[in-house]
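Note: the block below is model32.pdb and it holds PDB, C-alpha atoms.
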```pdb
ATOM      1  CA  MET K   7     -32.621  54.013 -18.959  1.00  0.00           C
ATOM      2  CA  ALA K   8     -33.677  51.512 -16.327  1.00  0.00           C
ATOM      3  CA  SER K   9     -36.577  50.309 -18.501  1.00  0.00           C
ATOM      4  CA  SER K  10     -34.305  49.719 -21.538  1.00  0.00           C
ATOM      5  CA  SER K  11     -31.853  47.748 -19.354  1.00  0.00           C
ATOM      6  CA  SER K  12     -34.650  45.572 -18.013  1.00  0.00           C
ATOM      7  CA  GLY K  13     -35.895  45.002 -21.561  1.00  0.00           C
ATOM      8  CA  ILE K  14     -32.437  43.842 -22.645  1.00  0.00           C
ATOM      9  CA  VAL K  15     -32.177  41.511 -19.645  1.00  0.00           C
ATOM     10  CA  ALA K  16     -35.652  40.109 -20.352  1.00  0.00           C
ATOM     11  CA  GLY K  17     -34.749  39.555 -24.002  1.00  0.00           C
ATOM     12  CA  LEU K  18     -31.478  37.791 -23.128  1.00  0.00           C
ATOM     13  CA  THR K  19     -33.283  35.621 -20.561  1.00  0.00           C
ATOM     14  CA  ALA K  20     -35.927  34.614 -23.107  1.00  0.00           C
ATOM     15  CA  ALA K  21     -33.220  33.772 -25.668  1.00  0.00           C
ATOM     16  CA  ALA K  22     -31.319  31.671 -23.125  1.00  0.00           C
ATOM     17  CA  ILE K  23     -34.476  29.756 -22.189  1.00  0.00           C
ATOM     18  CA  ALA K  24     -35.176  29.113 -25.861  1.00  0.00           C
ATOM     19  CA  VAL K  25     -31.634  27.782 -26.447  1.00  0.00           C
ATOM     20  CA  VAL K  26     -31.806  25.496 -23.396  1.00  0.00           C
ATOM     21  CA  GLY K  27     -35.219  24.231 -24.504  1.00  0.00           C
ATOM     22  CA  PHE K  28     -33.949  23.521 -28.030  1.00  0.00           C
ATOM     23  CA  LEU K  29     -30.878  21.667 -26.707  1.00  0.00           C
ATOM     24  CA  GLY K  30     -33.127  19.633 -24.376  1.00  0.00           C
ATOM     25  CA  TYR K  31     -35.357  18.694 -27.298  1.00  0.00           C
ATOM     26  CA  GLN K  32     -32.341  17.575 -29.354  1.00  0.00           C
ATOM     27  CA  ALA K  33     -31.025  15.458 -26.483  1.00  0.00           C
ATOM     28  CA  SER K  34     -34.360  13.748 -25.904  1.00  0.00           C
ATOM     29  CA  ALA K  35     -34.771  13.052 -29.622  1.00  0.00           C
ATOM     30  CA  SER K  36     -31.437  11.216 -29.769  1.00  0.00           C
ATOM     31  CA  ALA K  37     -32.010   9.189 -26.568  1.00  0.00           C
ATOM     32  CA  PRO K  38     -33.304   5.585 -26.843  1.00  0.00           C
ATOM     33  CA  ALA K  39     -37.042   5.202 -26.341  1.00  0.00           C
ATOM     34  CA  ARG K  40     -36.509   2.745 -23.469  1.00  0.00           C
ATOM     35  CA  PRO K  41     -33.545   1.509 -21.474  1.00  0.00           C
ATOM     36  CA  ALA K  42     -31.753  -1.487 -22.957  1.00  0.00           C
ATOM     37  CA  THR K  43     -32.565  -4.819 -21.336  1.00  0.00           C
ATOM     38  CA  ALA K  44     -29.836  -7.006 -19.856  1.00  0.00           C
ATOM     39  CA  ALA K  45     -29.972  -9.235 -22.941  1.00  0.00           C
ATOM     40  CA  GLU K  46     -29.311  -6.226 -25.184  1.00  0.00           C
ATOM     41  CA  GLN K  47     -26.394  -4.975 -23.100  1.00  0.00           C
ATOM     42  CA  PRO K  48     -22.943  -5.723 -24.520  1.00  0.00           C
ATOM     43  CA  ALA K  49     -21.030  -8.376 -22.597  1.00  0.00           C
ATOM     44  CA  PRO K  50     -18.546  -6.909 -20.131  1.00  0.00           C
ATOM     45  CA  VAL K  51     -14.932  -7.032 -21.224  1.00  0.00           C
ATOM     46  CA  GLN K  52     -12.924  -9.490 -19.153  1.00  0.00           C
ATOM     47  CA  SER K  53      -9.750  -7.910 -17.819  1.00  0.00           C
ATOM     48  CA  GLN K  54      -6.534  -9.864 -18.181  1.00  0.00           C
ATOM     49  CA  ALA K  55      -4.912  -7.976 -15.312  1.00  0.00           C
ATOM     50  CA  PRO K  56      -4.142  -9.989 -12.172  1.00  0.00           C
ATOM     51  CA  ALA K  57      -6.676  -9.753  -9.385  1.00  0.00           C
ATOM     52  CA  LYS K  58      -5.844  -7.106  -6.800  1.00  0.00           C
ATOM     53  CA  GLN K  59      -5.501  -8.075  -3.155  1.00  0.00           C
ATOM     54  CA  ASP K  60      -8.635  -7.209  -1.222  1.00  0.00           C
ATOM     55  CA  PRO K  61      -7.395  -4.849   1.528  1.00  0.00           C
ATOM     56  CA  ALA K  62     -10.100  -6.165   3.875  1.00  0.00           C
ATOM     57  CA  LYS K  63      -8.823  -9.743   3.440  1.00  0.00           C
ATOM     58  CA  PRO K  64      -5.249 -10.371   4.591  1.00  0.00           C
ATOM     59  CA  ALA K  65      -2.787 -11.866   2.132  1.00  0.00           C
ATOM     60  CA  ALA K  66      -1.903 -15.495   2.770  1.00  0.00           C
ATOM     61  CA  VAL K  67       1.378 -16.218   4.532  1.00  0.00           C
ATOM     62  CA  PRO K  68       3.834 -17.625   1.964  1.00  0.00           C
ATOM     63  CA  ALA K  69       3.812 -21.431   2.151  1.00  0.00           C
ATOM     64  CA  ASP K  70       7.624 -21.637   2.093  1.00  0.00           C
ATOM     65  CA  SER K  71       8.050 -19.467   5.211  1.00  0.00           C
ATOM     66  CA  GLY K  72       8.355 -22.201   7.820  1.00  0.00           C
ATOM     67  CA  THR K  73       6.331 -22.763  10.945  1.00  0.00           C
ATOM     68  CA  GLY K  74       5.913 -21.339  14.412  1.00  0.00           C
ATOM     69  CA  PRO K  75       5.943 -17.726  15.572  1.00  0.00           C
ATOM     70  CA  ARG K  76       7.942 -15.608  13.123  1.00  0.00           C
ATOM     71  CA  VAL K  77       8.180 -12.432  11.103  1.00  0.00           C
ATOM     72  CA  VAL K  78       7.816 -13.244   7.403  1.00  0.00           C
ATOM     73  CA  TYR K  79       9.165 -10.695   4.928  1.00  0.00           C
ATOM     74  CA  SER K  80       8.467 -11.103   1.206  1.00  0.00           C
ATOM     75  CA  VAL K  81      10.788  -8.887  -0.812  1.00  0.00           C
ATOM     76  CA  GLY K  82       8.764  -9.427  -4.015  1.00  0.00           C
ATOM     77  CA  GLN K  83       5.360  -8.770  -2.454  1.00  0.00           C
ATOM     78  CA  LYS K  84       6.655  -5.851  -0.360  1.00  0.00           C
ATOM     79  CA  ARG K  85       4.767  -7.336   2.578  1.00  0.00           C
ATOM     80  CA  VAL K  86       5.333  -8.523   6.148  1.00  0.00           C
ATOM     81  CA  TRP K  87       3.372 -11.013   8.242  1.00  0.00           C
ATOM     82  CA  LEU K  88       3.606 -11.254  12.019  1.00  0.00           C
ATOM     83  CA  VAL K  89       2.775 -14.925  12.532  1.00  0.00           C
ATOM     84  CA  THR K  90       1.809 -15.964  16.050  1.00  0.00           C
ATOM     85  CA  GLU K  91       0.542 -19.387  17.071  1.00  0.00           C
ATOM     86  CA  ALA K  92      -1.098 -21.815  14.641  1.00  0.00           C
ATOM     87  CA  GLY K  93      -4.750 -21.084  13.990  1.00  0.00           C
ATOM     88  CA  GLN K  94      -4.514 -17.352  14.679  1.00  0.00           C
ATOM     89  CA  GLU K  95      -4.802 -14.866  11.825  1.00  0.00           C
ATOM     90  CA  PRO K  96      -1.416 -13.165  11.334  1.00  0.00           C
ATOM     91  CA  LYS K  97      -1.117  -9.394  11.099  1.00  0.00           C
ATOM     92  CA  SER K  98      -0.052  -8.469   7.574  1.00  0.00           C
ATOM     93  CA  PHE K  99       0.928  -5.119   6.107  1.00  0.00           C
ATOM     94  CA  ALA K 100       2.702  -3.513   3.172  1.00  0.00           C
ATOM     95  CA  VAL K 101       6.267  -2.240   3.501  1.00  0.00           C
ATOM     96  CA  MET K 102       8.694  -0.224   1.376  1.00  0.00           C
ATOM     97  CA  PRO K 103      11.845  -2.307   0.801  1.00  0.00           C
ATOM     98  CA  SER K 104      15.313  -0.838   1.098  1.00  0.00           C
ATOM     99  CA  THR K 105      17.828  -0.748  -1.748  1.00  0.00           C
ATOM    100  CA  VAL K 106      19.829  -3.646  -0.264  1.00  0.00           C
ATOM    101  CA  HIS K 107      17.867  -6.877   0.241  1.00  0.00           C
ATOM    102  CA  PRO K 108      18.626  -9.780   2.543  1.00  0.00           C
ATOM    103  CA  LYS K 109      18.968 -13.179   0.868  1.00  0.00           C
ATOM    104  CA  PRO K 110      16.037 -15.566   1.346  1.00  0.00           C
ATOM    105  CA  GLY K 111      16.463 -17.573   4.516  1.00  0.00           C
ATOM    106  CA  SER K 112      15.971 -17.593   8.259  1.00  0.00           C
ATOM    107  CA  TYR K 113      17.414 -14.918  10.546  1.00  0.00           C
ATOM    108  CA  ALA K 114      17.064 -13.780  14.152  1.00  0.00           C
ATOM    109  CA  VAL K 115      16.526 -10.262  15.482  1.00  0.00           C
ATOM    110  CA  THR K 116      19.978  -9.106  16.596  1.00  0.00           C
ATOM    111  CA  SER K 117      19.319  -5.594  17.903  1.00  0.00           C
ATOM    112  CA  ARG K 118      16.610  -2.999  18.410  1.00  0.00           C
ATOM    113  CA  SER K 119      16.515   0.780  18.859  1.00  0.00           C
ATOM    114  CA  GLY K 120      13.596   2.901  19.969  1.00  0.00           C
ATOM    115  CA  ALA K 121      14.565   5.986  17.953  1.00  0.00           C
ATOM    116  CA  VAL K 122      17.599   6.764  15.771  1.00  0.00           C
ATOM    117  CA  THR K 123      18.534   8.456  12.510  1.00  0.00           C
ATOM    118  CA  GLY K 124      18.336   6.086   9.554  1.00  0.00           C
ATOM    119  CA  SER K 125      21.113   5.475   7.027  1.00  0.00           C
ATOM    120  CA  ASP K 126      19.203   7.840   4.735  1.00  0.00           C
ATOM    121  CA  GLY K 127      19.419  10.654   7.309  1.00  0.00           C
ATOM    122  CA  VAL K 128      15.736  10.467   8.316  1.00  0.00           C
ATOM    123  CA  PRO K 129      14.555  10.180  11.956  1.00  0.00           C
ATOM    124  CA  ILE K 130      13.089   6.678  12.465  1.00  0.00           C
ATOM    125  CA  GLU K 131      11.591   4.694  15.327  1.00  0.00           C
ATOM    126  CA  HIS K 132      11.020   1.094  16.378  1.00  0.00           C
ATOM    127  CA  VAL K 133      14.072  -0.259  14.569  1.00  0.00           C
ATOM    128  CA  VAL K 134      14.302  -4.069  14.489  1.00  0.00           C
ATOM    129  CA  ARG K 135      17.568  -5.286  12.900  1.00  0.00           C
ATOM    130  CA  PHE K 136      18.160  -8.836  11.645  1.00  0.00           C
ATOM    131  CA  ALA K 137      20.777  -9.005   8.849  1.00  0.00           C
ATOM    132  CA  SER K 138      23.840  -7.218   7.443  1.00  0.00           C
ATOM    133  CA  PRO K 139      24.721  -8.318   3.902  1.00  0.00           C
ATOM    134  CA  ASP K 140      27.739  -6.559   2.397  1.00  0.00           C
ATOM    135  CA  GLY K 141      28.096  -4.454   5.553  1.00  0.00           C
ATOM    136  CA  VAL K 142      24.650  -2.836   5.174  1.00  0.00           C
ATOM    137  CA  VAL K 143      22.468  -3.342   8.253  1.00  0.00           C
ATOM    138  CA  ILE K 144      18.955  -4.530   7.334  1.00  0.00           C
ATOM    139  CA  GLY K 145      16.022  -3.870   9.611  1.00  0.00           C
ATOM    140  CA  PHE K 146      12.396  -2.839   9.883  1.00  0.00           C
ATOM    141  CA  SER K 147      11.543   0.706  10.935  1.00  0.00           C
ATOM    142  CA  ALA K 148       9.016   3.506  10.658  1.00  0.00           C
ATOM    143  CA  ARG K 149       9.791   7.084   9.727  1.00  0.00           C
ATOM    144  CA  VAL K 150       8.787   9.487  12.481  1.00  0.00           C
ATOM    145  CA  ASP K 151       7.016  11.638   9.862  1.00  0.00           C
ATOM    146  CA  GLY K 152       4.946   8.590   8.783  1.00  0.00           C
ATOM    147  CA  ALA K 153       6.020   8.741   5.113  1.00  0.00           C
ATOM    148  CA  MET K 154       6.985   5.645   3.108  1.00  0.00           C
ATOM    149  CA  PRO K 155       8.694   6.985  -0.048  1.00  0.00           C
ATOM    150  CA  GLU K 156      10.764   4.779  -2.336  1.00  0.00           C
ATOM    151  CA  PRO K 157      14.419   4.882  -1.299  1.00  0.00           C
ATOM    152  CA  ASP K 158      17.055   6.646  -3.384  1.00  0.00           C
ATOM    153  CA  PRO K 159      18.326   3.888  -5.724  1.00  0.00           C
ATOM    154  CA  GLY K 160      21.774   5.499  -5.700  1.00  0.00           C
ATOM    155  CA  LYS K 161      22.251   4.853  -1.962  1.00  0.00           C
ATOM    156  CA  LYS K 162      22.859   1.553  -0.175  1.00  0.00           C
ATOM    157  CA  THR K 163      20.242   1.531   2.573  1.00  0.00           C
ATOM    158  CA  GLY K 164      18.832  -1.264   4.685  1.00  0.00           C
ATOM    159  CA  GLY K 165      15.695   0.283   6.165  1.00  0.00           C
ATOM    160  CA  ILE K 166      12.513  -1.651   5.347  1.00  0.00           C
ATOM    161  CA  ARG K 167       9.933   1.041   6.066  1.00  0.00           C
ATOM    162  CA  MET K 168       6.399   0.662   7.317  1.00  0.00           C
ATOM    163  CA  SER K 169       3.665   2.870   8.734  1.00  0.00           C
ATOM    164  CA  ARG K 170       4.042   4.038  12.310  1.00  0.00           C
ATOM    165  CA  ALA K 171       1.130   1.834  13.468  1.00  0.00           C
ATOM    166  CA  ASP K 172       2.706  -1.205  11.801  1.00  0.00           C
ATOM    167  CA  GLY K 173       6.050  -0.196  13.322  1.00  0.00           C
ATOM    168  CA  ASP K 174       4.397  -0.285  16.756  1.00  0.00           C
ATOM    169  CA  ALA K 175       3.134  -3.817  16.066  1.00  0.00           C
ATOM    170  CA  MET K 176       6.561  -4.951  14.804  1.00  0.00           C
ATOM    171  CA  TRP K 177       8.252  -3.467  17.878  1.00  0.00           C
ATOM    172  CA  ALA K 178       5.912  -5.346  20.239  1.00  0.00           C
ATOM    173  CA  PHE K 179       6.274  -8.629  18.292  1.00  0.00           C
ATOM    174  CA  ALA K 180       9.906  -8.859  17.170  1.00  0.00           C
ATOM    175  CA  THR K 181      12.037  -8.942  20.298  1.00  0.00           C
ATOM    176  CA  ILE K 182      15.710 -10.017  20.438  1.00  0.00           C
ATOM    177  CA  ASN K 183      16.215 -13.494  18.889  1.00  0.00           C
ATOM    178  CA  ALA K 184      12.736 -13.498  17.299  1.00  0.00           C
ATOM    179  CA  LYS K 185      12.715 -15.479  14.056  1.00  0.00           C
ATOM    180  CA  VAL K 186      12.626 -13.523  10.778  1.00  0.00           C
ATOM    181  CA  VAL K 187      12.070 -15.469   7.552  1.00  0.00           C
ATOM    182  CA  VAL K 188      12.857 -13.751   4.245  1.00  0.00           C
ATOM    183  CA  VAL K 189      11.198 -15.109   1.103  1.00  0.00           C
ATOM    184  CA  PRO K 190      11.522 -13.862  -2.490  1.00  0.00           C
TER     185      PRO K 190
END
```
This structure in structure tokens:
Amino acid sequence: MASSSSGIVAGLTAAAIAVVGFLGYQASASAPARPATAAEQPAPVQSQAPAKQDPAKPAAVPADSGTGPRVVYSVGQKRVWLVTEAGQEPKSFAVMPSTVHPKPGSYAVTSRSGAVTGSDGVPIEHVVRFASPDGVVIGFSARVDGAMPEPDPGKKTGGIRMSRADGDAMWAFATINAKVVVVP
């Protein structure tokens, strides 16, 4: 019995090798004889999509954000800049806006909290508050769990969320009375 099993295995192996060889021959017969030269290559399609921001290169501070040391918050770009003295590269990072937005303009940091529970019921840290439109307190903060999900559109919240590392930087930069400029 062992010799008939080995004969079957040998036959199946030979058939498999023959099939692979045949498929290889077909593939090589349909391949071009030589690679196409650059002149023969079709022109690349130009994308009409806007250029993406290079994460290695910081986004430019909005021109309409004033001068001097300040926190600049762009609601539309979902981005914050911590602008120090002229000539120094500002720290810039992405944020997740709240459901209630402050109007464009200049504000001052009014209060800070090291760790509290946010209006959405989530533990947050490094809270820097600067506005309260329609009774909703607006401020920057980081979730303790590090997440940055979109807020529930059915709730009026004022927490502009950022990563924990960016929250650390905001906390060190935006002390009481620090200038916060909101742009569209």
> Can you list, as a list of chain:residue names, the residues that the PyMOL selection byres ((chain K and resi 150) around 12) selects here?
Replying inline: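 Evaluating the PyMOL selection byres ((chain K and resi 150) around 12) on this file yields K:Gly120, K:Ala121, K:Val122, K:Thr123, K:Gly124, K:Gly127, K:Val128, K:Pro129, K:Ile130, K:Glu131, K:His132, K:Val133, K:Ser147, K:Ala148, K:Arg149, K:Asp151, K:Gly152, K:Ala153, K:Met154, K:Arg167, K:Met168, K:Ser169, K:Arg170, K:Ala171, K:Gly173, K:Asp174.
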> Between CA of Glu91 in chain K and CA of Phe136 in chain K, what is the spacing in Å?
Replying inline: 21.2 Å
>> I'd like to know which of K:Pro103, K:Pro190, K:Pro108, K:Pro75 is closest to Ser138 in chain K, using all atoms listed in the file.
In response: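 With all atoms listed in the file as the atom set, the closest residue is K:Pro108.
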> Taking only C-alpha atoms into account, which of K:Gly164, K:Pro155, K:Asn183, K:Val142 comes nearest Ser117 in chain K?
Replying inline: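 Ranking K:Gly164, K:Pro155, K:Asn183, K:Val142 by distance to Ser117 in chain K, first place goes to K:Asn183.
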> Using only C-alpha atoms, what residues lie at most 9 Å away from (9.9, -14.4, -1.3) (file coordinates), given as a PyMOL selection string?
Replying inline: chain K and resi 68+70-71+79-83+110+188-190
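Counting from CA of Thr90 in chain K, the distance to CA of Thr163 in chain K is 28.8 Å.
Between CA of Arg135 in chain K and CA of Val77 in chain K lies a distance of 11.9 Å.
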>> Please list as a list in words every residue within 10 Å of Ala66 in chain K, counting all atoms listed in the file and excluding residues in the same chain fewer than 6 positions away.
In response: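 The neighbour list is Trp87, Glu95, Pro96 and Ser98 of chain K.
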Using C-alpha atoms, can you write the selected residues to a file as a PDB file, in the frame of the given file?
```pdb
ATOM      1  CA  TRP K  87       3.372 -11.013   8.242  1.00  0.00           C
ATOM      2  CA  GLU K  95      -4.802 -14.866  11.825  1.00  0.00           C
ATOM      3  CA  PRO K  96      -1.416 -13.165  11.334  1.00  0.00           C
ATOM      4  CA  SER K  98      -0.052  -8.469   7.574  1.00  0.00           C
TER       5      SER K  98
END
```
Who sits within 6 Å of Ile166 in chain K, only C-alpha atoms, same chain under 2 positions skipped, as a PDB file with C-alpha atoms, in the frame of the given file:
```pdb
ATOM      1  CA  MET K 102       8.694  -0.224   1.376  1.00  0.00           C
ATOM      2  CA  PRO K 103      11.845  -2.307   0.801  1.00  0.00           C
ATOM      3  CA  SER K 104      15.313  -0.838   1.098  1.00  0.00           C
ATOM      4  CA  GLY K 145      16.022  -3.870   9.611  1.00  0.00           C
ATOM      5  CA  PHE K 146      12.396  -2.839   9.883  1.00  0.00           C
TER       6      PHE K 146
END
```
>> Using all atoms listed in the file, can you tell me which of K:Asp126, K:Pro157, K:Pro139, K:Ala175 comes closest to Phe99 in chain K?
In response: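 Nearest candidate to Phe99 in chain K out of K:Asp126, K:Pro157, K:Pro139, K:Ala175: K:Ala175.
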> In terms of the shortest atom-to-atom distance over all atoms listed in the file, which of K:Lys97, K:His107, K:Lys84, K:Arg118 is closest to Thr181 in chain K?
Replying inline: K:Arg118
